[in-house]
Every structure is written in C-alpha cells, then in structure tokens.
>>> print(open('work.cif').read())   # mmCIF, C-alpha atoms
data_query
#
loop_
_atom_site.label_atom_id
_atom_site.label_comp_id
_atom_site.auth_asym_id
_atom_site.auth_seq_id
_atom_site.Cartn_x
_atom_site.Cartn_y
_atom_site.Cartn_z
CA MET O 7 -70.10 81.05 -22.97
CA LYS O 8 -73.88 81.40 -22.79
CA LYS O 9 -76.33 83.22 -20.56
CA ASN O 10 -78.56 81.23 -18.21
CA GLN O 11 -82.03 82.11 -16.93
CA PHE O 12 -80.55 84.65 -14.50
CA GLY O 13 -78.57 86.43 -17.21
CA LEU O 14 -75.31 85.03 -15.84
CA LEU O 15 -72.60 83.69 -18.12
CA GLU O 16 -72.12 79.91 -18.06
CA ASP O 17 -68.99 78.26 -19.41
CA LEU O 18 -69.26 74.82 -20.98
CA THR O 19 -65.51 74.49 -21.62
CA GLU O 20 -63.41 71.83 -19.94
CA PRO O 21 -61.52 73.41 -16.98
CA GLY O 22 -57.87 74.13 -17.71
CA LEU O 23 -56.72 72.53 -14.49
CA VAL O 24 -57.10 69.08 -16.02
CA LYS O 25 -55.10 69.93 -19.10
CA LYS O 26 -51.32 69.62 -19.15
CA SER O 27 -49.83 72.70 -20.81
CA ASN O 28 -46.32 72.99 -22.20
CA ASP O 29 -46.52 76.78 -22.23
CA VAL O 30 -43.51 77.98 -20.23
CA SER O 31 -44.80 81.57 -20.35
CA TRP O 32 -46.71 80.82 -17.15
CA LYS O 33 -43.50 81.03 -15.15
CA ASN O 34 -42.76 83.89 -12.76
CA ASP O 35 -45.47 86.58 -12.56
CA GLN O 36 -47.16 86.08 -15.96
CA ILE O 37 -50.15 84.71 -14.07
CA TYR O 38 -51.16 88.25 -13.03
CA LYS O 39 -51.41 89.41 -16.66
CA GLN O 40 -54.17 86.93 -17.50
CA THR O 41 -57.00 88.24 -15.30
CA ASN O 42 -58.86 90.24 -17.97
CA PHE O 43 -61.18 87.68 -19.54
CA GLU O 44 -64.95 87.44 -20.01
CA LYS O 45 -66.57 86.83 -16.62
CA ASN O 46 -69.46 87.48 -14.29
CA THR O 47 -68.76 90.27 -11.80
CA THR O 48 -71.94 89.79 -9.77
CA TYR O 49 -71.58 86.03 -9.39
CA PHE O 50 -68.95 83.31 -9.78
CA HIS O 51 -67.60 81.70 -12.94
CA ILE O 52 -70.10 78.92 -13.64
CA MET O 53 -68.55 75.79 -15.15
CA GLY O 54 -70.60 72.61 -15.16
CA HIS O 55 -67.89 69.99 -14.84
CA GLU O 56 -66.73 67.12 -12.69
CA GLU O 57 -64.48 68.10 -9.80
CA SER O 58 -61.11 68.55 -11.48
CA HIS O 59 -58.97 67.05 -8.73
CA ALA O 60 -60.98 63.83 -8.86
CA VAL O 61 -60.35 63.60 -12.60
CA ARG O 62 -56.60 64.04 -12.25
CA ARG O 63 -56.42 61.79 -9.19
CA ARG O 64 -57.93 58.89 -11.14
CA GLU O 65 -55.60 59.48 -14.06
CA ILE O 66 -52.46 59.67 -11.92
CA LEU O 67 -53.34 56.56 -9.91
CA LYS O 68 -54.00 54.65 -13.13
CA LYS O 69 -50.73 55.67 -14.77
CA HIS O 70 -48.53 55.99 -11.68
CA PRO O 71 -49.78 53.68 -8.90
CA GLU O 72 -46.31 53.93 -7.32
CA ILE O 73 -47.19 57.36 -5.88
CA GLN O 74 -49.24 55.53 -3.24
CA VAL O 75 -45.98 55.01 -1.36
CA LEU O 76 -46.42 58.65 -0.28
CA PHE O 77 -49.71 57.94 1.48
CA GLY O 78 -49.70 57.53 5.24
CA ASN O 79 -48.60 59.35 8.35
CA ASP O 80 -45.63 61.53 9.28
CA ILE O 81 -45.05 61.95 13.01
CA ASN O 82 -42.56 64.78 12.35
CA SER O 83 -45.54 67.13 12.28
CA ALA O 84 -46.13 66.37 15.96
CA TRP O 85 -42.55 67.21 16.91
CA LEU O 86 -42.77 70.44 14.95
CA GLY O 87 -46.09 71.32 16.58
CA ILE O 88 -44.69 70.78 20.08
CA THR O 89 -41.59 72.83 19.26
CA PHE O 90 -43.46 75.71 17.63
CA VAL O 91 -45.84 76.12 20.58
CA LEU O 92 -42.96 76.15 23.08
CA VAL O 93 -41.04 78.67 20.96
CA GLN O 94 -44.17 80.82 20.72
CA PHE O 95 -44.45 80.81 24.51
CA SER O 96 -40.81 81.90 24.78
CA PHE O 97 -41.54 84.72 22.33
CA ILE O 98 -44.46 85.83 24.49
CA SER O 99 -42.10 86.08 27.49
CA LEU O 100 -39.46 87.95 25.45
CA PHE O 101 -41.61 90.44 23.58
CA ASN O 102 -44.66 91.25 25.72
CA GLN O 103 -43.03 94.17 27.56
CA LEU O 104 -41.59 95.95 24.53
CA SER O 105 -42.60 99.42 23.39
CA LEU O 106 -45.70 99.57 21.21
CA PHE O 107 -43.68 99.82 17.98
CA TRP O 108 -41.55 96.74 18.68
CA PHE O 109 -44.50 94.95 20.25
CA VAL O 110 -46.31 95.18 16.90
CA ILE O 111 -43.21 94.51 14.75
CA THR O 112 -42.22 91.35 16.66
CA ALA O 113 -45.81 90.10 16.54
CA TYR O 114 -45.88 90.65 12.76
CA VAL O 115 -42.47 89.16 12.01
CA PHE O 116 -41.97 86.40 14.56
CA GLY O 117 -45.36 85.68 16.13
CA ALA O 118 -47.34 85.73 12.89
CA THR O 119 -44.87 83.44 11.15
CA LEU O 120 -45.13 80.84 13.92
CA SER O 121 -48.88 81.24 14.32
CA HIS O 122 -49.36 80.73 10.59
CA ALA O 123 -47.14 77.64 10.66
CA LEU O 124 -49.28 76.28 13.48
CA HIS O 125 -52.38 76.98 11.38
CA VAL O 126 -50.87 74.87 8.58
CA LEU O 127 -50.09 72.08 11.06
CA VAL O 128 -53.69 72.22 12.33
CA HIS O 129 -54.71 71.84 8.69
CA ASP O 130 -52.62 68.67 8.37
CA PHE O 131 -53.68 67.29 11.76
CA THR O 132 -57.33 67.62 10.69
CA HIS O 133 -56.48 65.57 7.60
CA PHE O 134 -55.20 62.92 10.06
CA THR O 135 -51.80 62.67 8.37
CA CYS O 136 -49.63 62.78 11.50
CA PHE O 137 -50.80 59.75 13.51
CA GLU O 138 -52.83 56.71 12.54
CA SER O 139 -55.14 57.54 15.45
CA ILE O 140 -57.76 60.18 14.63
CA ALA O 141 -57.99 61.09 18.32
CA LEU O 142 -54.25 61.78 18.56
CA ASN O 143 -54.39 63.97 15.46
CA LYS O 144 -57.19 66.00 17.02
CA LEU O 145 -55.30 66.33 20.31
CA MET O 146 -52.28 67.64 18.40
CA ALA O 147 -54.52 70.12 16.60
CA ILE O 148 -55.76 71.41 19.96
CA TRP O 149 -52.17 71.61 21.21
CA ALA O 150 -51.28 73.74 18.17
CA ASN O 151 -54.10 76.11 19.14
CA PHE O 152 -52.26 76.81 22.41
CA GLY O 153 -49.69 78.71 20.36
CA GLN O 154 -52.42 80.79 18.71
CA GLY O 155 -54.67 81.67 21.66
CA VAL O 156 -57.87 81.01 19.70
CA PRO O 157 -59.85 77.74 20.00
CA SER O 158 -60.51 76.84 16.38
CA ALA O 159 -58.86 73.53 15.47
CA ILE O 160 -61.76 71.09 15.80
CA THR O 161 -64.29 73.45 14.22
CA PHE O 162 -61.87 74.20 11.39
CA GLY O 163 -61.43 70.49 10.75
CA ARG O 164 -65.17 69.90 10.44
CA TYR O 165 -65.73 72.72 7.95
CA HIS O 166 -62.50 72.07 6.07
CA ALA O 167 -63.68 68.53 5.37
CA ASP O 168 -66.68 70.10 3.61
CA HIS O 169 -64.32 72.28 1.56
CA HIS O 170 -62.69 69.15 0.13
CA THR O 171 -65.90 67.16 -0.24
CA PHE O 172 -67.94 69.97 -1.82
CA LEU O 173 -65.21 72.00 -3.50
CA ASN O 174 -66.69 74.98 -5.35
CA LEU O 175 -70.33 74.10 -4.68
CA GLU O 176 -72.16 77.16 -3.39
CA THR O 177 -73.72 76.86 0.10
CA LEU O 178 -71.72 73.66 0.70
CA ASP O 179 -68.10 74.77 0.29
CA PRO O 180 -67.35 77.10 3.25
CA ASP O 181 -64.38 78.57 1.38
CA LEU O 182 -66.58 80.24 -1.24
CA PRO O 183 -67.39 83.92 -0.63
CA SER O 184 -70.92 84.70 0.48
CA ARG O 185 -73.47 86.69 -1.54
CA LEU O 186 -72.83 89.68 0.77
CA GLU O 187 -69.13 89.54 -0.06
CA LEU O 188 -69.99 89.44 -3.77
CA LYS O 189 -72.18 92.51 -3.33
CA TYR O 190 -70.00 94.73 -1.13
CA VAL O 191 -66.33 93.72 -1.48
CA LYS O 192 -65.48 95.89 -4.48
CA GLY O 193 -62.64 98.30 -5.15
CA PRO O 194 -59.22 98.56 -3.47
CA VAL O 195 -60.46 99.98 -0.16
CA MET O 196 -63.10 97.32 0.46
CA LYS O 197 -60.80 94.55 -0.74
CA PHE O 198 -58.06 95.76 1.61
CA LEU O 199 -60.57 95.78 4.48
CA PHE O 200 -61.63 92.27 3.47
CA VAL O 201 -58.02 91.07 3.64
CA ALA O 202 -57.56 92.86 6.97
CA CYS O 203 -60.62 91.01 8.29
CA LEU O 204 -59.85 87.62 6.74
CA PRO O 205 -59.73 85.83 10.12
CA LEU O 206 -63.28 86.99 10.86
CA PHE O 207 -64.58 86.04 7.41
CA TYR O 208 -63.03 82.58 7.55
CA ALA O 209 -64.20 82.00 11.12
CA LEU O 210 -67.75 83.33 10.82
CA ARG O 211 -68.72 82.64 7.19
CA PRO O 212 -69.27 78.86 7.54
CA VAL O 213 -70.86 79.18 10.98
CA ILE O 214 -73.41 81.68 9.65
CA LEU O 215 -74.10 80.17 6.21
CA ARG O 216 -74.11 76.47 7.11
CA PRO O 217 -73.89 76.02 10.89
CA LEU O 218 -72.98 72.61 12.26
CA LYS O 219 -74.12 71.60 15.72
CA PRO O 220 -71.20 72.01 18.18
CA ASN O 221 -69.88 68.74 19.56
CA ALA O 222 -68.06 67.68 22.73
CA GLN O 223 -64.64 67.85 21.04
CA GLU O 224 -65.20 71.51 20.19
CA VAL O 225 -66.10 72.20 23.82
CA ILE O 226 -62.89 70.49 24.96
CA ASN O 227 -60.97 72.54 22.39
CA ALA O 228 -62.49 75.80 23.63
CA VAL O 229 -62.11 75.08 27.34
CA SER O 230 -58.49 73.91 27.07
CA VAL O 231 -57.32 76.83 24.92
CA LEU O 232 -59.11 79.41 27.06
CA PHE O 233 -57.53 77.83 30.16
CA VAL O 234 -54.07 78.21 28.61
CA ASP O 235 -54.94 81.83 27.78
CA TYR O 236 -55.85 82.31 31.43
CA LEU O 237 -52.49 80.87 32.51
CA ILE O 238 -50.68 83.27 30.16
CA VAL O 239 -52.49 86.20 31.75
CA GLN O 240 -51.79 84.91 35.27
CA TYR O 241 -48.09 84.20 34.83
CA ILE O 242 -47.00 86.60 32.07
CA GLY O 243 -49.69 89.26 31.97
CA VAL O 244 -52.44 90.61 29.76
CA SER O 245 -49.82 92.01 27.39
CA GLY O 246 -48.58 88.48 26.77
CA LEU O 247 -52.01 87.30 25.64
CA LEU O 248 -52.49 90.44 23.53
CA TRP O 249 -49.16 89.79 21.79
CA LEU O 250 -50.22 86.20 21.05
CA LEU O 251 -53.64 87.22 19.69
CA LEU O 252 -52.10 89.99 17.59
CA SER O 253 -49.65 87.46 16.15
CA THR O 254 -52.50 85.14 15.21
CA TYR O 255 -54.44 88.00 13.66
CA PHE O 256 -51.47 89.09 11.53
CA GLY O 257 -50.72 85.50 10.53
CA LEU O 258 -54.08 85.18 8.76
CA SER O 259 -54.65 88.71 7.46
CA VAL O 260 -52.40 91.39 5.92
CA HIS O 261 -49.29 89.22 5.85
CA PRO O 262 -47.43 87.72 2.87
CA PHE O 263 -47.82 84.17 4.19
CA ALA O 264 -51.57 84.64 4.69
CA ALA O 265 -51.84 85.44 0.98
CA HIS O 266 -52.06 81.71 0.35
CA LEU O 267 -55.74 82.08 1.28
CA LEU O 268 -56.12 84.23 -1.85
CA ALA O 269 -53.67 82.35 -4.05
CA GLU O 270 -55.21 78.90 -3.74
CA HIS O 271 -58.61 79.14 -5.46
CA TYR O 272 -59.16 82.65 -6.83
CA GLU O 273 -59.35 82.52 -10.61
CA PHE O 274 -56.30 84.45 -11.82
CA VAL O 275 -56.23 82.44 -15.06
CA ASN O 276 -59.36 81.59 -17.04
CA ARG O 277 -60.79 78.14 -16.12
CA MET O 278 -58.13 77.39 -13.48
CA GLU O 279 -59.73 76.68 -10.09
CA THR O 280 -56.74 75.70 -7.92
CA TYR O 281 -53.18 77.08 -7.91
CA ASP O 282 -49.81 76.26 -6.44
CA TYR O 283 -47.35 78.69 -4.94
CA ILE O 284 -43.79 77.66 -5.81
CA GLY O 285 -41.05 79.58 -4.03
CA TRP O 286 -38.88 80.03 -0.95
CA ALA O 287 -41.84 80.82 1.33
CA ASN O 288 -42.89 77.16 1.26
CA PHE O 289 -40.14 76.58 3.84
CA PHE O 290 -41.97 78.85 6.31
CA VAL O 291 -45.54 77.92 5.34
CA LEU O 292 -44.81 74.18 5.46
CA ASN O 293 -45.55 73.48 1.80
CA ILE O 294 -49.08 74.87 1.89
CA GLY O 295 -48.14 76.28 -1.52
CA TYR O 296 -48.41 72.80 -3.04
CA HIS O 297 -52.15 73.21 -3.02
CA THR O 298 -53.05 71.50 -6.28
CA GLU O 299 -51.16 68.41 -5.15
CA HIS O 300 -52.87 68.60 -1.76
CA HIS O 301 -56.36 68.65 -3.25
CA ASP O 302 -55.46 65.83 -5.59
CA PHE O 303 -54.19 63.68 -2.71
CA PRO O 304 -55.21 65.07 0.71
CA MET O 305 -54.01 61.84 2.33
CA ILE O 306 -50.38 62.76 1.61
CA PRO O 307 -48.65 64.66 4.47
CA TRP O 308 -47.33 68.14 3.74
CA THR O 309 -43.74 66.89 3.99
CA ARG O 310 -44.19 64.64 0.93
CA LEU O 311 -46.09 66.94 -1.44
CA PRO O 312 -42.90 68.11 -3.23
CA LEU O 313 -42.06 64.44 -3.81
CA LEU O 314 -45.44 63.92 -5.49
CA ARG O 315 -44.69 66.83 -7.81
CA LYS O 316 -41.30 65.30 -8.68
CA MET O 317 -42.75 61.82 -9.27
CA VAL O 318 -45.37 63.01 -11.77
CA PRO O 319 -44.01 66.32 -13.11
CA GLU O 320 -46.06 66.11 -16.30
CA TYR O 321 -49.19 66.83 -14.24
CA TYR O 322 -47.90 69.81 -12.27
CA GLU O 323 -44.75 71.44 -13.62
CA ASN O 324 -46.40 73.39 -16.44
CA LEU O 325 -49.55 74.52 -14.66
CA PRO O 326 -49.88 78.26 -13.92
CA CYS O 327 -48.67 78.98 -10.39
CA HIS O 328 -47.93 81.82 -8.01
CA THR O 329 -44.32 82.66 -7.25
CA ASN O 330 -44.66 85.76 -5.09
CA TYR O 331 -47.17 86.04 -2.22
CA VAL O 332 -46.72 89.82 -1.95
CA HIS O 333 -47.62 90.16 -5.62
CA THR O 334 -50.66 87.93 -5.02
CA LEU O 335 -51.81 90.17 -2.18
CA LEU O 336 -51.35 93.36 -4.19
CA ALA O 337 -52.99 91.87 -7.28
CA TYR O 338 -56.07 90.87 -5.30
CA ILE O 339 -56.44 94.35 -3.78
CA PHE O 340 -55.68 96.52 -6.81
CA ASP O 341 -56.65 94.43 -9.87
CA GLY O 342 -60.22 95.32 -10.82
CA TYR O 343 -60.62 92.00 -12.64
CA ILE O 344 -60.09 90.06 -9.39
CA GLY O 345 -62.55 89.96 -6.50
CA PRO O 346 -64.96 87.68 -4.63
CA PHE O 347 -66.51 86.83 -8.01
CA SER O 348 -63.18 85.31 -9.11
CA ARG O 349 -64.11 81.78 -8.12
CA ILE O 350 -65.29 78.84 -10.17
CA VAL O 351 -68.50 77.02 -9.22
CA ARG O 352 -69.73 73.81 -10.78
CA SER O 353 -73.44 74.60 -11.01
CA SER O 354 -75.82 77.52 -11.59
CA PRO O 355 -77.34 79.19 -8.54
CA VAL O 356 -80.71 77.96 -7.31
CA TYR O 357 -81.76 81.59 -7.07
CA PHE O 358 -80.14 84.89 -8.02
CA LYS O 359 -81.20 88.47 -7.50
CA LYS O 360 -79.19 91.32 -9.00
#
>>> encode(input="work.cif", output="structure tokens")
Amino acid sequence: MKKNQFGLLEDLTEPGLVKKSNDVSWKNDQIYKQTNFEKNTTYFHIMGHEESHAVRRREILKKHPEIQVLFGNDINSAWLGITFVLVQFSFISLFNQLSLFWFVITAYVFGATLSHALHVLVHDFTHFTCFESIALNKLMAIWANFGQGVPSAITFGRYHADHHTFLNLETLDPDLPSRLELKYVKGPVMKFLFVACLPLFYALRPVILRPLKPNAQEVINAVSVLFVDYLIVQYIGVSGLLWLLLSTYFGLSVHPFAAHLLAEHYEFVNRMETYDYIGWANFFVLNIGYHTEHHDFPMIPWTRLPLLRKMVPEYYENLPCHTNYVHTLLAYIFDGYIGPFSRIVRSSPVYFKK
C-alpha cells in the first residue's frame, strides 16, 4: 500500500478474486470476521488492475471451452414472468382490504418476495437471455414492471449495461456510491436509513451523476406501467396500488432478499470485489446469488449459473461467499469497517477533497 497525491492509500496487489484459494475457512460466516484491514474510509479501495472478471473469463474459456454450451436463451424466464405478475395481481385483490398490520405484513412477506423476483427477471431480460429478439426481451421486462407498479425496466437496463462495461470505475459505474454517500452515510443510524432508502439511491444515483437522454422505449415503459396502475386503482382501489408499491419498496430495501445489493460488491474481504451468496434463498431470488459467475459470463441465463459453477468448480468453490443475507444486512449496518467506502475502484480519483 502507498499514498497517492491525495493522501489516499493505493493497493498495487493483484486482486484476490482472480486467485483460487483452497482455504476452507471461508465457509459459513467467516467472511464477516475479515473486514478489519487497512483501508481508506473517505474514499474507495484503489487497486490499479485489469477487470477481474475479464481475466477469469479468458482463462476459463481457454481451459474449458465446453462451458459455452450454457450460452444462449431460456424462455422459461418468460413463463415465470407472466405467472409472477398474475399471482401478484391476485395478491393485490386478496390483501388490499386487510387491517393495517396484515396489510404491511403480507406486503413484506408475499408482495416483496414476488416483486424482488420480478426485479431479478427484469435484470435477466435486460441481458437479453430469455429470447433471441432484443425487442421481446424488453417487452417482457416491461411486463414484469406491471407486477411492481414502478416503470423502471428499460432505464434499469441502460444503466445496468454500464455497470458491467465500467465495473468499479468511478463516475461510469452507476452501482458505485456517490461522493455524498461517502461523506454522510456513516454509523449504524445513517447506514440503516441508507438501506431503508435503497430504492431511491439506486433509482436516482445514476440519473443524477451520469444522466442518459430518455428514449422512446422508456416513454413506452412509463406510459404502459402507469396505465396498469390506473386500472388497478379503477377496478381494485387505491389501497390495491398502495399495497403493490409497498411490496416493491420492501423488496428492494430492508428485506433479507434485498441484501444481495450489499452482498455483491461491498468489500467484506480484502481485495475481493465480487461475491456470491450460496444458500437456500437462491430459490426465491432466482440465483441472483451466483453473482461472480454472472459477471464472468453475463450471457448465461440465471437458470444455468449453478451449472457453470459445477462445470468449473476450481474457479468458484473456494472463493469467499455469503451464506446468510440477514447476517449480510446486519454486518453492513453495524460493522464500522464496512460502509460506502467498502468498494474497490480500478483507478485513482481525478480530483479529491477531504
């Protein structure tokens, strides 16, 4: 480690994500005992290195070209998307007239689980892994938004493409916390509020920091979803739309399944920039926990990511991973060594003011 011209620590060590460890001590929750290492707390962990997923992708394709059989489309995502939206509508009809207590509980347990699953499907649709046709994938993403009540699919797809292309490059990767987050999100109370407001941060951060000009597809997305919201109000009532929106809010905020947003790229282990979650929740979150595999091969549908892990276990099985989303959530909020600064970037800042 050395200090750069801004007084920030820079790390010249090869990132651990590329290395294949045989250390079985990473299993279970040992990952949360590794957070106390030398780091910047006013900026990110600076590591000047090639994007780690590109390195491993080249190596895997060279040694195991047979994994390319996993590339391609899986139409099952479309059937799931159609089913989940229809089930969500039935939930709206069932639960919108309940007492306040059960209104909130059903939104948190049932609505949030389905809304989050639809978010994961939108993620896959915007990677165009369902149909060969890009247009059909985008239409399915908009359809999935009907079960969330918020028009976000097309915009998400545009910014998420930047996340993969410019992973961990400040100002270009919309997933990196902003300078304001680095400055103010400190301590358990502020970190809890950050988690409670995650939908707002993830929706507004890229639009504010690196706005893209809205296109016609985003207009179609917005108009169609708002029209469905209007139909819900007309035929079910305002309470039905409120239940749906509350479900979507819970599904991306203070909810165990939403903790994947914290688990994926926050640096719980020194020099590790992407993490898997391995556990039973992958059934409900549609394998979003296989995040290292996803970044290595974003052209593989979510249904086949576990197969990739099985085909080349030497690249994934011994990497540090999360096994408990609740523990991830609590660790982020209460561990003083974890915060917005717990991200790896691949270059020094152009400017920095303490």
>>> residues_around(input="work.cif", residues="Ala84 in chain O", least_positions_apart="2", cutoff="9 Å", atoms="only C-alpha atoms", output="list in words")
Asp80, Ile81, Asn82, Leu86, Gly87, Ile88, Thr89, Leu127, Phe131, Cys136, Phe137, Asn143 and Met146 of chain O
>>> write_last_selection(input="work.cif", atoms="C-alpha atoms", output="PDB file, keeping the file's coordinate frame")
ATOM      1  CA  ASP O  80     -45.630  61.530   9.280  1.00  0.00           C
ATOM      2  CA  ILE O  81     -45.050  61.950  13.010  1.00  0.00           C
ATOM      3  CA  ASN O  82     -42.560  64.780  12.350  1.00  0.00           C
ATOM      4  CA  LEU O  86     -42.770  70.440  14.950  1.00  0.00           C
ATOM      5  CA  GLY O  87     -46.090  71.320  16.580  1.00  0.00           C
ATOM      6  CA  ILE O  88     -44.690  70.780  20.080  1.00  0.00           C
ATOM      7  CA  THR O  89     -41.590  72.830  19.260  1.00  0.00           C
ATOM      8  CA  LEU O 127     -50.090  72.080  11.060  1.00  0.00           C
ATOM      9  CA  PHE O 131     -53.680  67.290  11.760  1.00  0.00           C
ATOM     10  CA  CYS O 136     -49.630  62.780  11.500  1.00  0.00           C
ATOM     11  CA  PHE O 137     -50.800  59.750  13.510  1.00  0.00           C
ATOM     12  CA  ASN O 143     -54.390  63.970  15.460  1.00  0.00           C
ATOM     13  CA  MET O 146     -52.280  67.640  18.400  1.00  0.00           C
TER      14      MET O 146
END
>>> closest_residue(input="work.cif", among="O:Leu268, O:Met53, O:Val156, O:Val351", to="Asp235 in chain O", atoms="only C-alpha atoms")
O:Val156
>>> resolve_selection(input="work.cif", expression="the PyMOL selection byres ((chain O and resi 289-297) around 8)", output="list in words")
Thr119, His122, Ala123, Val126, Leu127, Phe263, His266, Glu270, Thr280, Tyr281, Asp282, Tyr283, Ile284, Trp286, Ala287, Asn288, Thr298, Glu299, His300, His301, Trp308, Thr309, Leu311 and Pro312 of chain O
>>> closest_atom_pairs(input="work.cif", of="range 285-356 of chain O", to="range 66-79 of chain O", cutoff="8 Å", atoms="only C-alpha atoms", output="tab-separated table")
residue	atom	partner	partner_atom	distance
O:Met305	CA	O:Phe77	CA	5.9
O:Ile306	CA	O:Phe77	CA	4.9
O:Pro307	CA	O:Asn79	CA	6.6
O:Arg310	CA	O:Leu76	CA	6.5
O:Leu314	CA	O:Ile73	CA	6.8
O:Met317	CA	O:Ile73	CA	7.1
O:Val318	CA	O:His70	CA	7.7
>>> closest_residue(input="work.cif", among="O:Thr112, O:Asn102, O:Thr177, O:Thr135", to="Ser253 in chain O", atoms="all atoms listed in the file")
O:Thr112
>>> residues_around(input="work.cif", residues="Pro180 in chain O", least_positions_apart="3", cutoff="7 Å", atoms="all atoms listed in the file", output="number ranges by chain")
O: 165, 169, 211-212
>>> write_last_selection(input="work.cif", atoms="C-alpha atoms", output="PDB file, keeping the file's coordinate frame")
ATOM      1  CA  TYR O 165     -65.730  72.720   7.950  1.00  0.00           C
ATOM      2  CA  HIS O 169     -64.320  72.280   1.560  1.00  0.00           C
ATOM      3  CA  ARG O 211     -68.720  82.640   7.190  1.00  0.00           C
ATOM      4  CA  PRO O 212     -69.270  78.860   7.540  1.00  0.00           C
TER       5      PRO O 212
END
>>> build_atoms(input="work.cif", residues="range 244-252 of chain O", atoms="all heavy atoms", output="compact mmCIF listing (two decimals), in the coordinates of the input")
# COMPACT_ATOMS: atom_id res chain seq x y z
N VAL O 244 -51.49 90.37 30.85
CA VAL O 244 -52.44 90.61 29.76
C VAL O 244 -51.71 90.94 28.46
O VAL O 244 -52.12 90.52 27.37
CB VAL O 244 -53.40 91.76 30.13
CG1 VAL O 244 -54.29 92.13 28.94
CG2 VAL O 244 -54.25 91.38 31.34
N SER O 245 -50.58 91.65 28.59
CA SER O 245 -49.82 92.01 27.39
C SER O 245 -49.32 90.77 26.66
O SER O 245 -49.20 90.78 25.43
CB SER O 245 -48.65 92.92 27.76
OG SER O 245 -47.76 92.27 28.66
N GLY O 246 -49.02 89.72 27.40
CA GLY O 246 -48.58 88.48 26.77
C GLY O 246 -49.67 87.87 25.90
O GLY O 246 -49.42 87.43 24.77
N LEU O 247 -50.90 87.84 26.42
CA LEU O 247 -52.01 87.30 25.64
C LEU O 247 -52.33 88.20 24.45
O LEU O 247 -52.61 87.71 23.35
CB LEU O 247 -53.25 87.15 26.53
CG LEU O 247 -54.49 86.57 25.83
CD1 LEU O 247 -54.21 85.19 25.27
CD2 LEU O 247 -55.68 86.52 26.80
N LEU O 248 -52.24 89.52 24.64
CA LEU O 248 -52.49 90.44 23.53
C LEU O 248 -51.46 90.24 22.43
O LEU O 248 -51.81 90.27 21.24
CB LEU O 248 -52.47 91.88 24.03
CG LEU O 248 -53.64 92.31 24.92
CD1 LEU O 248 -53.44 93.73 25.41
CD2 LEU O 248 -54.96 92.19 24.16
N TRP O 249 -50.20 90.03 22.80
CA TRP O 249 -49.16 89.79 21.79
C TRP O 249 -49.47 88.52 21.00
O TRP O 249 -49.34 88.49 19.78
CB TRP O 249 -47.79 89.68 22.47
CG TRP O 249 -46.64 89.61 21.51
CD1 TRP O 249 -45.91 90.64 21.00
CD2 TRP O 249 -46.10 88.41 20.92
NE1 TRP O 249 -44.95 90.18 20.12
CE2 TRP O 249 -45.04 88.81 20.06
CE3 TRP O 249 -46.39 87.06 21.04
CZ2 TRP O 249 -44.29 87.89 19.33
CZ3 TRP O 249 -45.64 86.15 20.30
CH2 TRP O 249 -44.60 86.57 19.46
N LEU O 250 -49.89 87.47 21.70
CA LEU O 250 -50.22 86.20 21.05
C LEU O 250 -51.39 86.37 20.09
O LEU O 250 -51.36 85.90 18.95
CB LEU O 250 -50.54 85.14 22.10
CG LEU O 250 -50.95 83.76 21.57
CD1 LEU O 250 -49.82 83.15 20.74
CD2 LEU O 250 -51.34 82.84 22.71
N LEU O 251 -52.46 87.03 20.54
CA LEU O 251 -53.64 87.22 19.69
C LEU O 251 -53.33 88.11 18.49
O LEU O 251 -53.84 87.87 17.38
CB LEU O 251 -54.79 87.80 20.52
CG LEU O 251 -55.32 86.91 21.64
CD1 LEU O 251 -56.39 87.64 22.45
CD2 LEU O 251 -55.88 85.61 21.08
N LEU O 252 -52.49 89.13 18.71
CA LEU O 252 -52.10 89.99 17.59
C LEU O 252 -51.29 89.20 16.57
O LEU O 252 -51.47 89.37 15.35
CB LEU O 252 -51.28 91.18 18.11
CG LEU O 252 -50.89 92.25 17.08
CD1 LEU O 252 -52.13 92.91 16.49
CD2 LEU O 252 -49.98 93.30 17.73
